[in-house]
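S.K.: Quick one: the structure is below, questions incoming.
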Amino acid sequence: MNAIITATELASELAKSTAPVLLDVRYQLGGPPGRPEYAAGHVPGAVYVDLDSELAAPPGKAGRHPLPDLAAFAEAMRAAGVRTDRPVVVYDGGQGWAAARAWWLLRWSGHPDVRVLDGGLAAWQASGGALSTDQPEPQPGDFTPVPGALRLLTADDAAALARRGVLLDARAGERYRGEVEPIDPVAGHIPGAVSAPTTENVAEGGTVFRAADELAERFAALGATADAEVGVYCGSGVSAAHEVLALAVAGVPAALYVGSWSEWTADPSRPVATGPQPG
């Protein structure tokens, strides 16, 4: 199953009796919740899901966006109409990071058919798709999370994987190198990790994913192939989910370290590397 869907394909599927459940996951790091933007206009039939309160637990030692409480996540997904036997399509404002977080959580917790709208709401509008201000009241879903369908890394797992496999750091290169750190208390990267900014997964100047063969070539150059053991982390497990999604498009299974750098640096005993090399 393809992990992404185009706006044209989505329009076609929405016209069918077996239309997917639509989730609007607009989110801005450090900004206000996306609900007002959702209320101002969204893909018809979409239900708003809040990343901070429904796709993550409160920040703490486990990171800035830890895994949500499973019971609370299940309740939020069922309230949004998510069913195990019905496809789900998630989208955000266009960056794709928040949508990828929702995609990863649903896939990790056992939903078999989840896709991300490539290019998000901007792509939907560019294709001529209409917006709606109606807020649907979906029939409650029946989705029951069963974690483990995708691999999840702990801090110790990530450290070990960096030594024996390929651990990709999805943050900006300057944060990886330790030149700047605008959010977390320590600058640098997990020793052995390879710099792989998630912003390079999309076409230049846009939000749409690069072609699958281009992504495969990019990741292969970093050592991340279908035959390798691959993991990804970022600052708080959001942009890294986008990288896991890009790897899936490229045909490369990858594990996610959800706690990421925000959890790693919460423990001062954990080692830190700086500079352009894995270390």
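Naming works like this for the structure tokens: A, B, ... for the chains as they're shown, residue 1 at the start of each chain, ligands 1 onward in shown order.
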What's around Gly94 in chain A at 6 Å? Count only C-alpha atoms, leave out sequence neighbours fewer than 6 positions away in its own chain, and write the answer as a list of chain:residue names.

M.R.: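 Everything that qualifies: A:Gly119, A:Gly120, A:Leu121, A:Ala122, A:Thr207.
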
S.K.: Against range 84-89 of chain A, which residues of range 6-34 of chain A fall within 6 Å? For each one I want the closest pair of atoms and the distance in Å (one decimal), counting only C-alpha atoms, rows by chain and increasing residue number, as JSON lines.

M.R.:
```
{"residue": "A:Pro20", "atom": "CA", "partner": "A:Pro87", "partner_atom": "CA", "distance": 4.7}
{"residue": "A:Val21", "atom": "CA", "partner": "A:Val88", "partner_atom": "CA", "distance": 4.7}
{"residue": "A:Leu22", "atom": "CA", "partner": "A:Val89", "partner_atom": "CA", "distance": 5.1}
```

S.K.: Set the distance at 8 Å and use only C-alpha atoms: which residues neighbour range 183-190 of chain A once local chain neighbours fewer than 6 positions away are removed? I'd like the list as number ranges by chain.

M.R.: A: 159, 162, 169, 175-177, 235, 261-262, 265-266, 271-275, 278

S.K.: How would the residues just picked look written out with C-alpha atoms as an mmCIF file, in the first residue's frame?

M.R.:
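Here's the written file selection-v8.cif:
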```cif
data_model
loop_
_atom_site.group_PDB
_atom_site.id
_atom_site.type_symbol
_atom_site.label_atom_id
_atom_site.label_comp_id
_atom_site.auth_asym_id
_atom_site.auth_seq_id
_atom_site.Cartn_x
_atom_site.Cartn_y
_atom_site.Cartn_z
ATOM 1 C CA ALA A 159 22.248 4.464 20.749
ATOM 2 C CA ALA A 162 23.691 4.125 15.685
ATOM 3 C CA ASP A 169 19.013 12.685 12.333
ATOM 4 C CA ARG A 175 21.457 21.638 14.785
ATOM 5 C CA TYR A 176 23.030 18.250 14.024
ATOM 6 C CA ARG A 177 26.474 19.843 13.902
ATOM 7 C CA GLY A 235 13.896 17.127 17.984
ATOM 8 C CA TRP A 261 16.744 14.788 20.935
ATOM 9 C CA SER A 262 14.425 16.347 23.527
ATOM 10 C CA THR A 265 19.287 15.627 26.252
ATOM 11 C CA ALA A 266 16.995 15.425 29.278
ATOM 12 C CA PRO A 271 26.857 11.328 25.277
ATOM 13 C CA VAL A 272 26.699 14.082 22.669
ATOM 14 C CA ALA A 273 28.685 14.462 19.449
ATOM 15 C CA THR A 274 29.206 17.674 17.479
ATOM 16 C CA GLY A 275 30.555 18.569 14.060
ATOM 17 C CA PRO A 278 28.729 10.967 13.009
#
```

S.K.: Using DSSP on the backbone coordinates, identify the residues of range 189-257 of chain A assigned to helix (DSSP H, G or I); present them as a PyMOL selection string.

M.R.: chain A and resi 198-201+212-221+239-249

S.K.: Between A:Arg163, A:Pro276, A:Glu263, A:Pro191, which is the closest to Gly178 in chain A once you count only C-alpha atoms?

M.R.: A:Pro276

S.K.: Point out the residue among A:Pro44, A:Glu75, A:Leu152, A:Gln125 with the least atom-to-atom distance to Arg107 in chain A, counting only C-alpha atoms.

M.R.: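 Nearest to Arg107 in chain A: A:Leu152.
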
S.K.: Do a neighbour search on range 216-232 of chain A at 12 Å with only C-alpha atoms, toss out local chain neighbours closer than 6 positions, and write the hits as a count of residues only.

M.R.: 59

S.K.: Under the rule that only C-alpha atoms are counted, which of A:Arg115, A:Lys16, A:Arg270, A:Arg26 is the nearest residue to Trp97 in chain A?

M.R.: A:Arg26

S.K.: To test your reading of the structure, identify every residue in range 161-268 of chain A that backbone DSSP assigns to strand (DSSP E), and report it as a list in words.

M.R.: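 Residues meeting the strand (DSSP E) criterion: Val166, Leu167, Leu168, Asp169, Val194, Ser195, Val230, Gly231, Val232, Tyr233, Ala255, Leu256 and Tyr257 of chain A.
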
S.K.: Got time to write the residues from that selection, N, CA and C atoms, as a JSON list (two decimals), in the first residue's frame?

M.R.:
```json
[["chain", "number", "residue", "atom", "x", "y", "z"],
["A", 166, "VAL", "N", 21.96, 2.18, 10.81],
["A", 166, "VAL", "CA", 21.94, 3.56, 10.30],
["A", 166, "VAL", "C", 20.89, 4.34, 11.07],
["A", 167, "LEU", "N", 21.35, 5.29, 11.87],
["A", 167, "LEU", "CA", 20.45, 6.18, 12.61],
["A", 167, "LEU", "C", 20.50, 7.55, 11.96],
["A", 168, "LEU", "N", 19.37, 7.98, 11.41],
["A", 168, "LEU", "CA", 19.29, 9.25, 10.70],
["A", 168, "LEU", "C", 18.78, 10.34, 11.63],
["A", 169, "ASP", "N", 19.43, 11.50, 11.59],
["A", 169, "ASP", "CA", 19.01, 12.68, 12.33],
["A", 169, "ASP", "C", 18.29, 13.60, 11.36],
["A", 194, "VAL", "N", 23.68, 9.93, 11.51],
["A", 194, "VAL", "CA", 24.01, 10.55, 10.23],
["A", 194, "VAL", "C", 23.02, 11.69, 9.96],
["A", 195, "SER", "N", 23.53, 12.83, 9.53],
["A", 195, "SER", "CA", 22.67, 13.98, 9.25],
["A", 195, "SER", "C", 21.84, 13.73, 7.99],
["A", 230, "VAL", "N", 17.44, 0.58, 9.89],
["A", 230, "VAL", "CA", 17.37, 2.04, 9.84],
["A", 230, "VAL", "C", 16.47, 2.58, 10.94],
["A", 231, "GLY", "N", 16.91, 3.66, 11.57],
["A", 231, "GLY", "CA", 16.11, 4.36, 12.56],
["A", 231, "GLY", "C", 16.20, 5.85, 12.31],
["A", 232, "VAL", "N", 15.25, 6.61, 12.86],
["A", 232, "VAL", "CA", 15.21, 8.06, 12.65],
["A", 232, "VAL", "C", 14.83, 8.76, 13.95],
["A", 233, "TYR", "N", 15.45, 9.92, 14.18],
["A", 233, "TYR", "CA", 15.03, 10.78, 15.28],
["A", 233, "TYR", "C", 15.12, 12.23, 14.81],
["A", 255, "ALA", "N", 12.56, 2.49, 11.83],
["A", 255, "ALA", "CA", 12.04, 2.65, 13.18],
["A", 255, "ALA", "C", 12.09, 4.12, 13.58],
["A", 256, "LEU", "N", 11.22, 4.51, 14.51],
["A", 256, "LEU", "CA", 11.16, 5.90, 14.98],
["A", 256, "LEU", "C", 11.54, 5.98, 16.45],
["A", 257, "TYR", "N", 12.45, 6.88, 16.76],
["A", 257, "TYR", "CA", 12.77, 7.20, 18.15],
["A", 257, "TYR", "C", 11.89, 8.40, 18.52]]
```

S.K.: Could you check which of A:Thr144, A:Ser53, A:Ser109, A:Thr8 is closest to Ala74 in chain A, using only C-alpha atoms?

M.R.: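 Of the candidates, the smallest distance to Ala74 in chain A is held by A:Thr144.
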
S.K.: Return the single residue from A:Leu67, A:Pro136, A:Gly30, A:Thr199 that is closest to Gly173 in chain A, with distances computed using only C-alpha atoms.

M.R.: A:Thr199
